[in-house]
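Enquirer: Dumping the structure here so I can ask a few things about it.
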Amino acid sequence: KVITELGCDALVFAEPRPTPELSFAVRQTGATAGINITASHNPPAYNGYKVYFEDGGQVIEPHASGIIAKVNAVKSAHYEPLPTADRGKRESLGVEMDDAYLDRLERVVLDPELVARERGLKIVYSPLHGVGASIVMPLLQRLGFDATAVPEQIVPDSRFPTVKSPNPEYAEALTMAIELADKIGADLVMATDPDDDRMGVAVRNRAGRMELLTGNQIGSMLAYYRASRMFETGILDESNKSRGVIIKTYVTTDLQKAVAKHFGLRCVETLTGFKYNAAKLRRYEEAIPAELRKDYAHLPEEQTLRLRLEHSSLMVMGGEESYGYTLSDFARDKDANAAVAAFAEVVAYARSKGMTAVEYLDEIFATLGVYLERGESLVFEGAEGAAQIAKLAASYADNPPAEMDGSKVVKVENFAVDTIHDVEGDRIPSEGMIIFTLADGRRCAVRPSGTEPKIKYYIFGVEKPPGRKMTADEVGAARSRVQASVDRLWDWLHADALRRGAA
């Protein structure tokens, strides 16, 4: 209403819907922008403002700063509406947009026949009091899966009454779904955050227990499965594999980089934030000859896939460690709906081979190496805390450690001051993040959070295969060694941070 009264030419309005569907709708309607008010995966007090530009991606510079400048220029909550005759028009989107979006989501599945054969796979799903069920449940039903929703969490409720935080990366948020899965004998639990762009997963292991997977593991399984199946089905081959791309953030596991290398694909790294993933997708679209990409957003998925492979780049998978994934370019934000369909297919594939999802992950480790990660944060509240975060971050730039946990630091990348380019030659924007690489192969990234009073640490460890595929016992032993090395590095970093904060 406010935007209409202020003279927006045309405002496309939808009832509460997933943010990736908004990204899709912006492109389908030819809108200039899309706006979403959401707490996302945060507690209710964190309600915020998300903006998509005309390409369906979240705004990047210079538009982001331009919007904030307008926000900061507002002096009062009161405004003078324009005369009725000068106001814009508001149109409501209905089920036809849902249907168009669902049609595209079905195309994310690479092997519909496999999915049809594995319809016995039982799934429990929770939208965590958000809007995800409006798309996820009909999508799973279309695909033929046996899906049950958590009844206490299926109705949208901005108070998020059954969870401390509606974030699917937290084990507590999946508690009710796992309890229901145990009750009905389900194989797979999937939960999406309230605005339906992040997805968390628990899978039943060989011992019959539900096991949580990390965002890094989910993304790596998606990347490996989709790359391998694209070659098996002929989408990718030796003649066009150079056009295949896996996109990940710098703080996402290097296992996805190993997947790309294994299949001969490019791995493009971006800063944190799916707006950078979307910017890549826009570049890939614009690389297609203009006469062939006319009305690109409305072309059939099979046609856009062919155009990307023949003239540009095909994103096999895009993701970040914080439980966000994208599987195609019709929605240019992390898309939990597409991730639900794609990961259900991964579990169905493992099931068809007599494996659990955990065993499929171990197969990937056995082939490419055991990659494990740990994320930690130090919290500093209030204005004094913000100053402490700034001081600590500056200390890593001004006085970087020469060694960590007994291993020499062989590389320091300061994204705030260094000139850094990705593998496609694009300049990486400046950001307050530093990545330390150690002689023993471990890495650590340090960055202040952009949305919370935290300084965040991302720790990476790896043990490569001994020139051959590892046995199951070797994978298990390597897991223990890598996990111990990652834990030791965090202990060292934590103690070092306390020293730096006291200095």
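Labeling convention for the structure tokens: chains A, B, ... as they appear, residues from 1 per chain, ligands from 1 in order of appearance.
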Which of stretch 252-431 of chain A counts as helix (DSSP H, G or I) under DSSP, as a PyMOL selection string please?
Expert: chain A and resi 255-263+274-286+296-298+301-311+336-352+357-368+382-398
Enquirer: Using only C-alpha atoms, find the one residue out of A:Val109, A:Ile235, A:Leu128, A:Ala186 that sits nearest to A:Val155.
Expert: A:Leu128
Enquirer: Rounded to one decimal, what separation in Å do you get between atom CA of A:Ala171 and atom CA of A:Arg374?
Expert: 15.0 Å
Enquirer: Pick out the residues sitting within 7 Å of stretch 305-313 of chain A, and hand them over as a ChimeraX atom specification; count only C-alpha atoms, and ignore anything fewer than 6 positions along from it in its own chain.
Expert: /A:240,243-245,284,287-288
Enquirer: Please provide as a ChimeraX atom specification all residues within 7 Å of A:Asn42, with the sequence filter that same-chain residues fewer than 4 positions apart are discarded (counting only C-alpha atoms).
Expert: /A:46,165-167
Enquirer: Could those selected residues go to a file with N, CA and C atoms, as a PDB file, in the first residue's frame?
Expert:
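Output file again.pdb follows:
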ATOM      1  N   TYR A  46      14.730 -10.331  14.125  1.00  0.00           N
ATOM      2  CA  TYR A  46      15.652 -10.016  13.039  1.00  0.00           C
ATOM      3  C   TYR A  46      14.931  -9.749  11.717  1.00  0.00           C
ATOM      4  N   SER A 165      15.252 -21.181  17.314  1.00  0.00           N
ATOM      5  CA  SER A 165      15.579 -20.420  16.112  1.00  0.00           C
ATOM      6  C   SER A 165      15.182 -21.284  14.913  1.00  0.00           C
ATOM      7  N   PRO A 166      14.486 -20.715  13.914  1.00  0.00           N
ATOM      8  CA  PRO A 166      14.003 -21.516  12.783  1.00  0.00           C
ATOM      9  C   PRO A 166      15.082 -21.711  11.715  1.00  0.00           C
ATOM     10  N   ASN A 167      16.267 -22.095  12.158  1.00  0.00           N
ATOM     11  CA  ASN A 167      17.406 -22.230  11.262  1.00  0.00           C
ATOM     12  C   ASN A 167      17.697 -23.715  11.061  1.00  0.00           C
TER      13      ASN A 167
END
Enquirer: Could you tell me how far atom CA of A:Ile247 sits from atom CA of A:Val259, in Å to one decimal place?
Expert: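 The value is 11.3 Å.
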Enquirer: Please provide as a list in words all residues within 6 Å of A:Val203, with the sequence filter that same-chain residues fewer than 3 positions apart are discarded (counting only C-alpha atoms).
Expert: Leu188, Met210 and Glu211 of chain A
Enquirer: Residues near A:Gln483, anyone? I mean within 9 Å using only C-alpha atoms, not counting same-chain ones fewer than 5 positions away, as a PyMOL selection string.
Expert: chain A and resi 372-374+461+478+488
Enquirer: Save out the residues we just selected, N, CA and C atoms, as a tab-separated table (two decimals), in the first residue's frame.
Expert:
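Result file is out.tsv:
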chain	number	residue	atom	x	y	z
A	372	LEU	N	36.80	-32.17	5.95
A	372	LEU	CA	35.94	-31.84	7.08
A	372	LEU	C	36.12	-30.38	7.45
A	373	GLU	N	35.07	-29.81	8.01
A	373	GLU	CA	35.08	-28.38	8.32
A	373	GLU	C	34.50	-28.15	9.71
A	374	ARG	N	34.80	-27.00	10.24
A	374	ARG	CA	34.21	-26.58	11.51
A	374	ARG	C	33.98	-25.08	11.47
A	461	GLY	N	39.91	-28.85	6.98
A	461	GLY	CA	40.96	-29.86	7.02
A	461	GLY	C	40.74	-30.89	5.93
A	478	ALA	N	40.70	-41.79	8.52
A	478	ALA	CA	41.02	-40.45	8.05
A	478	ALA	C	40.05	-39.43	8.63
A	488	ARG	N	41.82	-29.15	16.86
A	488	ARG	CA	43.02	-28.54	17.44
A	488	ARG	C	43.22	-27.13	16.91
Enquirer: As an exercise, work out the distance from atom CA of A:Glu232 to atom CA of A:Met190 in Å and give it to one decimal place.
Expert: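 Atom CA of A:Glu232 sits 27.0 Å away from atom CA of A:Met190.
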Enquirer: If you run DSSP over the backbone, which residues in stretch 7-233 of chain A end up strand (DSSP E or B)? Put them as an NGL selection string.
Expert: :A and (10-14 or 33-38 or 48-53 or 58 or 89-93 or 122-126 or 146-149 or 188-192 or 198-204 or 210-213)
Enquirer: Using only C-alpha atoms, find each residue of stretch 395-468 of chain A with at least one atom at most 12 Å away from an atom of stretch 214-224 of chain A; report its shortest atom-to-atom pair and that distance in Å (one decimal), sort the rows by chain and rising residue number, and return the result as a Markdown table.
Expert:
| residue | atom | partner | partner_atom | distance |
| --- | --- | --- | --- | --- |
| A:Tyr458 | CA | A:Asn216 | CA | 11.5 |
| A:Ile459 | CA | A:Asn216 | CA | 11.9 |
| A:Phe460 | CA | A:Asn216 | CA | 10.7 |
Enquirer: If you count only C-alpha atoms, which residues fall within 12 Å of A:Gln256, apart from same-chain ones fewer than 2 positions away, as a ChimeraX atom specification?
Expert: /A:215-227,245-254,258-263,265-269,316-321,364-365,368-372
Enquirer: Quick one: write out the picked residues with C-alpha atoms as a PDB file, in the first residue's frame?
Expert:
ATOM      1  CA  GLY A 215      25.729 -27.698   4.651  1.00  0.00           C
ATOM      2  CA  ASN A 216      29.142 -28.481   3.183  1.00  0.00           C
ATOM      3  CA  GLN A 217      28.298 -32.188   2.977  1.00  0.00           C
ATOM      4  CA  ILE A 218      24.851 -31.655   1.453  1.00  0.00           C
ATOM      5  CA  GLY A 219      26.290 -29.329  -1.197  1.00  0.00           C
ATOM      6  CA  SER A 220      29.156 -31.692  -2.005  1.00  0.00           C
ATOM      7  CA  MET A 221      26.803 -34.650  -2.415  1.00  0.00           C
ATOM      8  CA  LEU A 222      24.612 -32.578  -4.738  1.00  0.00           C
ATOM      9  CA  ALA A 223      27.648 -31.450  -6.751  1.00  0.00           C
ATOM     10  CA  TYR A 224      29.125 -34.955  -7.101  1.00  0.00           C
ATOM     11  CA  TYR A 225      25.825 -36.637  -7.939  1.00  0.00           C
ATOM     12  CA  ARG A 226      24.754 -34.027 -10.458  1.00  0.00           C
ATOM     13  CA  ALA A 227      28.139 -33.926 -12.197  1.00  0.00           C
ATOM     14  CA  VAL A 245      30.707 -24.850 -13.599  1.00  0.00           C
ATOM     15  CA  ILE A 246      30.419 -25.443  -9.870  1.00  0.00           C
ATOM     16  CA  ILE A 247      30.023 -22.174  -7.960  1.00  0.00           C
ATOM     17  CA  LYS A 248      30.907 -21.981  -4.281  1.00  0.00           C
ATOM     18  CA  THR A 249      31.925 -19.367  -1.761  1.00  0.00           C
ATOM     19  CA  TYR A 250      35.459 -19.014  -0.433  1.00  0.00           C
ATOM     20  CA  VAL A 251      34.260 -20.282   2.953  1.00  0.00           C
ATOM     21  CA  THR A 252      32.620 -23.396   1.507  1.00  0.00           C
ATOM     22  CA  THR A 253      34.419 -26.758   1.545  1.00  0.00           C
ATOM     23  CA  ASP A 254      37.175 -27.406  -0.961  1.00  0.00           C
ATOM     24  CA  ALA A 258      37.870 -31.404  -5.843  1.00  0.00           C
ATOM     25  CA  VAL A 259      34.578 -32.535  -7.419  1.00  0.00           C
ATOM     26  CA  ALA A 260      35.017 -29.979 -10.199  1.00  0.00           C
ATOM     27  CA  LYS A 261      38.608 -31.066 -10.847  1.00  0.00           C
ATOM     28  CA  HIS A 262      37.616 -34.755 -10.850  1.00  0.00           C
ATOM     29  CA  PHE A 263      35.053 -34.186 -13.613  1.00  0.00           C
ATOM     30  CA  LEU A 265      34.689 -28.686 -14.639  1.00  0.00           C
ATOM     31  CA  ARG A 266      35.483 -25.133 -13.532  1.00  0.00           C
ATOM     32  CA  CYS A 267      35.091 -24.187  -9.898  1.00  0.00           C
ATOM     33  CA  VAL A 268      34.286 -20.514  -9.448  1.00  0.00           C
ATOM     34  CA  GLU A 269      34.620 -19.048  -5.961  1.00  0.00           C
ATOM     35  CA  VAL A 316      26.018 -27.808 -12.359  1.00  0.00           C
ATOM     36  CA  MET A 317      25.487 -26.676  -8.776  1.00  0.00           C
ATOM     37  CA  GLY A 318      25.928 -23.532  -6.760  1.00  0.00           C
ATOM     38  CA  GLY A 319      26.141 -23.453  -2.996  1.00  0.00           C
ATOM     39  CA  GLU A 320      27.442 -22.111   0.266  1.00  0.00           C
ATOM     40  CA  GLU A 321      28.238 -23.776   3.563  1.00  0.00           C
ATOM     41  CA  ILE A 364      32.859 -39.556  -2.334  1.00  0.00           C
ATOM     42  CA  PHE A 365      35.446 -39.228   0.455  1.00  0.00           C
ATOM     43  CA  LEU A 368      38.397 -37.569  -3.608  1.00  0.00           C
ATOM     44  CA  GLY A 369      39.666 -37.380  -0.039  1.00  0.00           C
ATOM     45  CA  VAL A 370      38.222 -36.712   3.396  1.00  0.00           C
ATOM     46  CA  TYR A 371      37.307 -33.028   3.735  1.00  0.00           C
ATOM     47  CA  LEU A 372      35.936 -31.842   7.076  1.00  0.00           C
TER      48      LEU A 372
END
Enquirer: Go through A:Leu392, A:Met355, A:Leu378, A:Met230 one by one, measure the shortest atom-to-atom distance of each to A:Met315 using only C-alpha atoms, and give the residue with the smallest value.
Expert: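 Comparing A:Leu392, A:Met355, A:Leu378, A:Met230 against A:Met315, the winner is A:Met230.
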Enquirer: Determine, using only C-alpha atoms, which residues of stretch 332-446 of chain A have any atom at most 12 Å from an atom of stretch 49-61 of chain A, and tabulate each with its shortest atom pair and distance in Å to one decimal place, rows ordered by chain and then rising number, as a tab-separated table.
Expert:
residue	atom	partner	partner_atom	distance
A:Arg332	CA	A:Gly57	CA	5.0
A:Asp333	CA	A:Gly57	CA	6.1
A:Lys334	CA	A:Gly57	CA	9.8
A:Asp335	CA	A:Gly57	CA	11.8
A:Pro429	CA	A:Glu61	CA	9.5
A:Ser430	CA	A:Glu61	CA	11.4
Enquirer: Residues of the last selection are to be written out with N, CA, C and O atoms, as a CSV table (one decimal), in the first residue's frame.
Expert:
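Wrote selection_14.csv, looks like this:
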chain,number,residue,atom,x,y,z
A,332,ARG,N,17.2,-17.1,-9.1
A,332,ARG,CA,18.6,-16.7,-8.9
A,332,ARG,C,18.9,-16.3,-7.5
A,332,ARG,O,19.4,-15.2,-7.2
A,333,ASP,N,18.5,-17.2,-6.6
A,333,ASP,CA,18.8,-17.1,-5.2
A,333,ASP,C,18.9,-18.5,-4.7
A,333,ASP,O,18.6,-19.5,-5.4
A,334,LYS,N,19.5,-18.7,-3.6
A,334,LYS,CA,19.5,-20.1,-3.0
A,334,LYS,C,18.0,-20.5,-2.9
A,334,LYS,O,17.1,-19.8,-2.6
A,335,ASP,N,17.8,-21.8,-3.3
A,335,ASP,CA,16.4,-22.3,-3.5
A,335,ASP,C,16.2,-23.6,-2.8
A,335,ASP,O,16.6,-24.6,-3.3
A,429,PRO,N,35.1,-8.3,-5.2
A,429,PRO,CA,34.9,-7.1,-4.5
A,429,PRO,C,35.6,-7.1,-3.1
A,429,PRO,O,35.9,-8.2,-2.6
A,430,SER,N,35.9,-5.9,-2.6
A,430,SER,CA,36.6,-5.8,-1.3
A,430,SER,C,35.7,-6.3,-0.2
A,430,SER,O,34.5,-5.9,-0.2
Enquirer: Determine the nearest neighbour of A:Leu327 from the options A:Gly385, A:Val358, A:Glu424, A:Ala278, counting only C-alpha atoms.
Expert: A:Ala278
Enquirer: Here is a test: counting only C-alpha atoms, which residue of A:Leu438, A:Val163, A:Val423, A:Ala357 is nearest to A:Met176?
Expert: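 Smallest separation from A:Met176 among the options: A:Val163.
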